[in-house]
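Taking it in order: structure first as C-alpha cells, then the write-up.
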Amino acid sequence: AAATELSSRSGLLGEGTDRLGELIGKVCRISTSMSAATQQGLVLALQGFKTDNFRLILYTVLNYISTGVLDDLHDVSESVEAATFFLNLLYEANHKAGNIVPYTHFYNEAVNRTDFNIKEDYKRWKSGGFSFCNFPYMYDPATKARILRHENSREQFNEFEDAVLQLIFTGSSCPYLLLKVRRGPNLIPDTLREIHMQVNADGLKKPLKVHFIGEEGVDEGGDQKPPLVSPGPVPR
C-alpha cells in the first residue's frame with residue numbers, strides 16, 4: 001500500500017517539501033513493519049522514479065534524519081531509525097537501478113559532523129543495537145577513518161589490557177608490539193621479519209614500540225614512532 005501511495009502521488013513532488021515530508025514520514029513509519037515482499041514492491045516503485053524526483057525524496061529523508069540527529073546527538077529516536085530504514089530501501093533501489101544518483105548523495109550531514117558522538121554509535125553497533133555503522137554509505141571517507149581509528153584504539157587497549165594481565169600472572173606476554181630493528185639498509189627487512197613473527201600471536205593489535213638495535217634504551221621502552229612512517233600527532 002505504501003509503495004502504491006508513494007508512486008501514485010508523485011504529483012506532490014512539485015507542490016513543495018512540506019507535503020512531501022509528511023508523506024515520506026508516513027512511508028518511513030510504515031516501511032518498518034512491511035513484509036519482505038512489500039518492501040521489495042516499494043524498492044521496485046522507487047526504481048521507476050525520475051532522477052529529479054528520486055533526488056528530492058532522498059534529500060527529504062536525509063534532512064529528516066539530520067533534524068532528528070541534531071535534536072539529540074547522544075541518542076537516536078524511533079522516527080530517525082524508521083527514516084534510516086527507509087533510506088536503506090532507497091539505497092537498494094538506487095543500486096538496482098544502476099545508480100539513479102551518485103552514491104555520495106547518500107552521505108548524511110549530521111552523522112558526519114565532528115560533534116556527532118561516533119564513539120556511542122560504535123558502541124551501539126558492537127552491542128547489536130541500532131547504529132549508523134550498519135548503513136556505512138551514510139558516512140563520508142573522513143568519518144569512516146575516524147571510526148577505524150576508534151576501533152583500532154579500542155582493540156589496542158583490549159590487547160594491551162590482556163597482555164598486562166598475562167604478564168602479571170604468568171610473566172609470559174609483552175604488552176607491546178615490540179620491533180627490534182637496525183637502521184640503514186636493514187630497516188625494511190628487519191621490520192618485515194619482526195612483523196611476520198607476530199602475525200600468529202595477535203601481536204599486531206598491541207600498541208607499537210620500536211627498539212633500534214645498538215642504541216640506548218631498554219627493550220620495552222624504545223622509540224614509539226613507527227619506523228616506516230613520518231612523525232606526526234597520535235590520533236585520539
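Simple scheme: letters A, B, ... for chains in C-alpha cells order, numbers from 1 for residues in each chain, numbers from 1 for ligands in the order shown.
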Tell me which protein, DNA and RNA residues are within 9 Å of Val61 in chain A, counting only C-alpha atoms, leaving out same-chain ones fewer than 2 positions away, and put them as a CSV table (one decimal) with N, CA, C and O atoms, in the first residue's frame.
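As a result, out.csv now contains:
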```
chain,number,residue,atom,x,y,z
A,21,GLY,N,7.3,15.9,2.8
A,21,GLY,CA,7.9,15.5,4.1
A,21,GLY,C,6.9,14.7,4.9
A,21,GLY,O,7.2,13.7,5.5
A,24,ILE,N,6.6,11.3,3.2
A,24,ILE,CA,7.8,10.5,3.5
A,24,ILE,C,7.8,10.0,4.9
A,24,ILE,O,8.2,8.8,5.2
A,25,GLY,N,7.4,10.9,5.9
A,25,GLY,CA,7.4,10.5,7.3
A,25,GLY,C,6.4,9.3,7.5
A,25,GLY,O,6.7,8.4,8.2
A,28,CYS,N,8.0,6.2,5.9
A,28,CYS,CA,9.1,5.7,6.8
A,28,CYS,C,8.6,4.9,7.9
A,28,CYS,O,9.1,3.8,8.3
A,56,LEU,N,14.8,14.3,-4.9
A,56,LEU,CA,14.1,15.1,-3.9
A,56,LEU,C,13.6,14.3,-2.7
A,56,LEU,O,13.7,14.7,-1.6
A,57,ILE,N,13.2,13.1,-3.0
A,57,ILE,CA,12.8,12.1,-1.9
A,57,ILE,C,14.0,11.8,-1.1
A,57,ILE,O,13.9,11.9,0.2
A,58,LEU,N,15.1,11.5,-1.7
A,58,LEU,CA,16.3,11.2,-0.9
A,58,LEU,C,16.7,12.4,0.0
A,58,LEU,O,17.0,12.2,1.2
A,59,TYR,N,16.7,13.6,-0.6
A,59,TYR,CA,17.2,14.7,0.3
A,59,TYR,C,16.2,15.0,1.4
A,59,TYR,O,16.6,15.5,2.5
A,63,ASN,N,17.3,15.0,5.2
A,63,ASN,CA,17.1,16.1,6.1
A,63,ASN,C,16.3,15.7,7.3
A,63,ASN,O,16.5,16.3,8.4
A,64,TYR,N,15.3,14.8,7.1
A,64,TYR,CA,14.5,14.3,8.2
A,64,TYR,C,15.4,13.6,9.3
A,64,TYR,O,15.3,13.9,10.5
A,65,ILE,N,16.4,12.8,8.8
A,65,ILE,CA,17.3,12.2,9.7
A,65,ILE,C,18.2,13.2,10.4
A,65,ILE,O,18.4,13.1,11.6
A,66,SER,N,18.7,14.1,9.6
A,66,SER,CA,19.6,15.1,10.2
A,66,SER,C,19.0,15.9,11.3
A,66,SER,O,19.6,16.2,12.3
A,83,ALA,N,13.3,6.4,9.5
A,83,ALA,CA,13.7,7.1,8.3
A,83,ALA,C,15.0,6.5,7.8
A,83,ALA,O,15.2,6.4,6.6
A,84,THR,N,15.9,6.0,8.7
A,84,THR,CA,17.1,5.4,8.2
A,84,THR,C,16.8,4.0,7.5
A,84,THR,O,17.5,3.7,6.5
A,86,PHE,N,14.1,3.4,5.9
A,86,PHE,CA,13.6,3.7,4.6
A,86,PHE,C,14.7,4.2,3.6
A,86,PHE,O,14.7,3.9,2.4
A,87,LEU,N,15.7,4.9,4.2
A,87,LEU,CA,16.9,5.3,3.4
A,87,LEU,C,17.6,4.1,2.8
A,87,LEU,O,18.1,4.1,1.7
```
Inset, instruction - Quick one: everything within 8 Å of range 115-128 of chain A, counting only C-alpha atoms, minus sequence neighbours fewer than 6 positions away in the same chain. Send it as a list in words. - result: Leu73, His74, Asn134, Ile147 and His150 of chain A
Residue selection dump (all heavy atoms) as a PDB file, in the first residue's frame:
```
ATOM      1  N   LEU A  73      22.248  14.589  19.904  1.00  0.00           N
ATOM      2  CA  LEU A  73      23.466  13.998  19.348  1.00  0.00           C
ATOM      3  C   LEU A  73      23.909  12.746  20.089  1.00  0.00           C
ATOM      4  O   LEU A  73      24.833  12.056  19.656  1.00  0.00           O
ATOM      5  CB  LEU A  73      24.610  15.029  19.373  1.00  0.00           C
ATOM      6  CG  LEU A  73      24.465  16.214  18.411  1.00  0.00           C
ATOM      7  CD1 LEU A  73      25.542  17.257  18.690  1.00  0.00           C
ATOM      8  CD2 LEU A  73      24.533  15.750  16.967  1.00  0.00           C
ATOM      9  N   HIS A  74      23.260  12.426  21.209  1.00  0.00           N
ATOM     10  CA  HIS A  74      23.699  11.294  22.018  1.00  0.00           C
ATOM     11  C   HIS A  74      22.725  10.122  22.000  1.00  0.00           C
ATOM     12  O   HIS A  74      23.020   9.066  22.558  1.00  0.00           O
ATOM     13  CB  HIS A  74      23.914  11.742  23.471  1.00  0.00           C
ATOM     14  CG  HIS A  74      24.945  12.817  23.600  1.00  0.00           C
ATOM     15  ND1 HIS A  74      26.300  12.573  23.552  1.00  0.00           N
ATOM     16  CD2 HIS A  74      24.825  14.164  23.749  1.00  0.00           C
ATOM     17  CE1 HIS A  74      26.964  13.704  23.673  1.00  0.00           C
ATOM     18  NE2 HIS A  74      26.106  14.689  23.804  1.00  0.00           N
ATOM     19  N   ASN A 134      25.720   0.383  10.620  1.00  0.00           N
ATOM     20  CA  ASN A 134      25.076  -0.626   9.782  1.00  0.00           C
ATOM     21  C   ASN A 134      24.674  -0.067   8.423  1.00  0.00           C
ATOM     22  O   ASN A 134      24.222  -0.820   7.554  1.00  0.00           O
ATOM     23  CB  ASN A 134      23.835  -1.183  10.493  1.00  0.00           C
ATOM     24  CG  ASN A 134      24.186  -2.052  11.677  1.00  0.00           C
ATOM     25  OD1 ASN A 134      25.075  -2.884  11.604  1.00  0.00           O
ATOM     26  ND2 ASN A 134      23.489  -1.850  12.790  1.00  0.00           N
ATOM     27  N   ILE A 147      36.110   6.253  12.506  1.00  0.00           N
ATOM     28  CA  ILE A 147      35.604   5.005  13.075  1.00  0.00           C
ATOM     29  C   ILE A 147      36.706   3.956  13.124  1.00  0.00           C
ATOM     30  O   ILE A 147      36.871   3.246  14.131  1.00  0.00           O
ATOM     31  CB  ILE A 147      34.411   4.482  12.252  1.00  0.00           C
ATOM     32  CG1 ILE A 147      33.236   5.453  12.342  1.00  0.00           C
ATOM     33  CG2 ILE A 147      33.973   3.098  12.740  1.00  0.00           C
ATOM     34  CD1 ILE A 147      32.090   5.127  11.404  1.00  0.00           C
ATOM     35  N   HIS A 150      39.090   4.749  15.878  1.00  0.00           N
ATOM     36  CA  HIS A 150      38.497   4.419  17.179  1.00  0.00           C
ATOM     37  C   HIS A 150      38.508   2.914  17.410  1.00  0.00           C
ATOM     38  O   HIS A 150      38.853   2.448  18.504  1.00  0.00           O
ATOM     39  CB  HIS A 150      37.066   4.960  17.249  1.00  0.00           C
ATOM     40  CG  HIS A 150      36.345   4.599  18.513  1.00  0.00           C
ATOM     41  ND1 HIS A 150      36.739   5.063  19.745  1.00  0.00           N
ATOM     42  CD2 HIS A 150      35.262   3.793  18.740  1.00  0.00           C
ATOM     43  CE1 HIS A 150      35.932   4.588  20.682  1.00  0.00           C
ATOM     44  NE2 HIS A 150      35.042   3.811  20.100  1.00  0.00           N
TER      45      HIS A 150
END
```
Legend entry - For Ala36 in chain A: contacts at 12 Å, only C-alpha atoms, fewer than 6 positions along chain excluded, given as a ChimeraX atom specification: /A:42-43,89
Inset, instruction - Within 12 Å of Leu192 in chain A, counting only C-alpha atoms, which residues show up once you throw out same-chain ones fewer than 3 positions away? Write them as a list in words, please. - result: Leu179, Lys180, Val181, Arg182, Asn186, Leu187, Ile188, Pro189, Ile195, His196, Met197, Gln198, Val199, Pro227 and Leu228 of chain A
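Between CA of Phe106 in chain A and CA of Thr51 in chain A there is a distance of 14.0 Å.
When only C-alpha atoms are used to compute distances to Thr32 in chain A, the closest of the residues A:Asp71, A:Phe49, A:Arg55, A:Asn88 turns out to be A:Asn88.
Proximity ranking of A:Ser33, A:Asp52, A:Asn152, A:Ala142 relative to Val101 in chain A places A:Asp52 first, based on only C-alpha atoms.
Take CA of Pro207 in chain A and CA of Tyr176 in chain A: the distance between them is 5.2 Å.
Relative to CA of Leu90 in chain A, CA of Leu46 in chain A is found at 7.0 Å.
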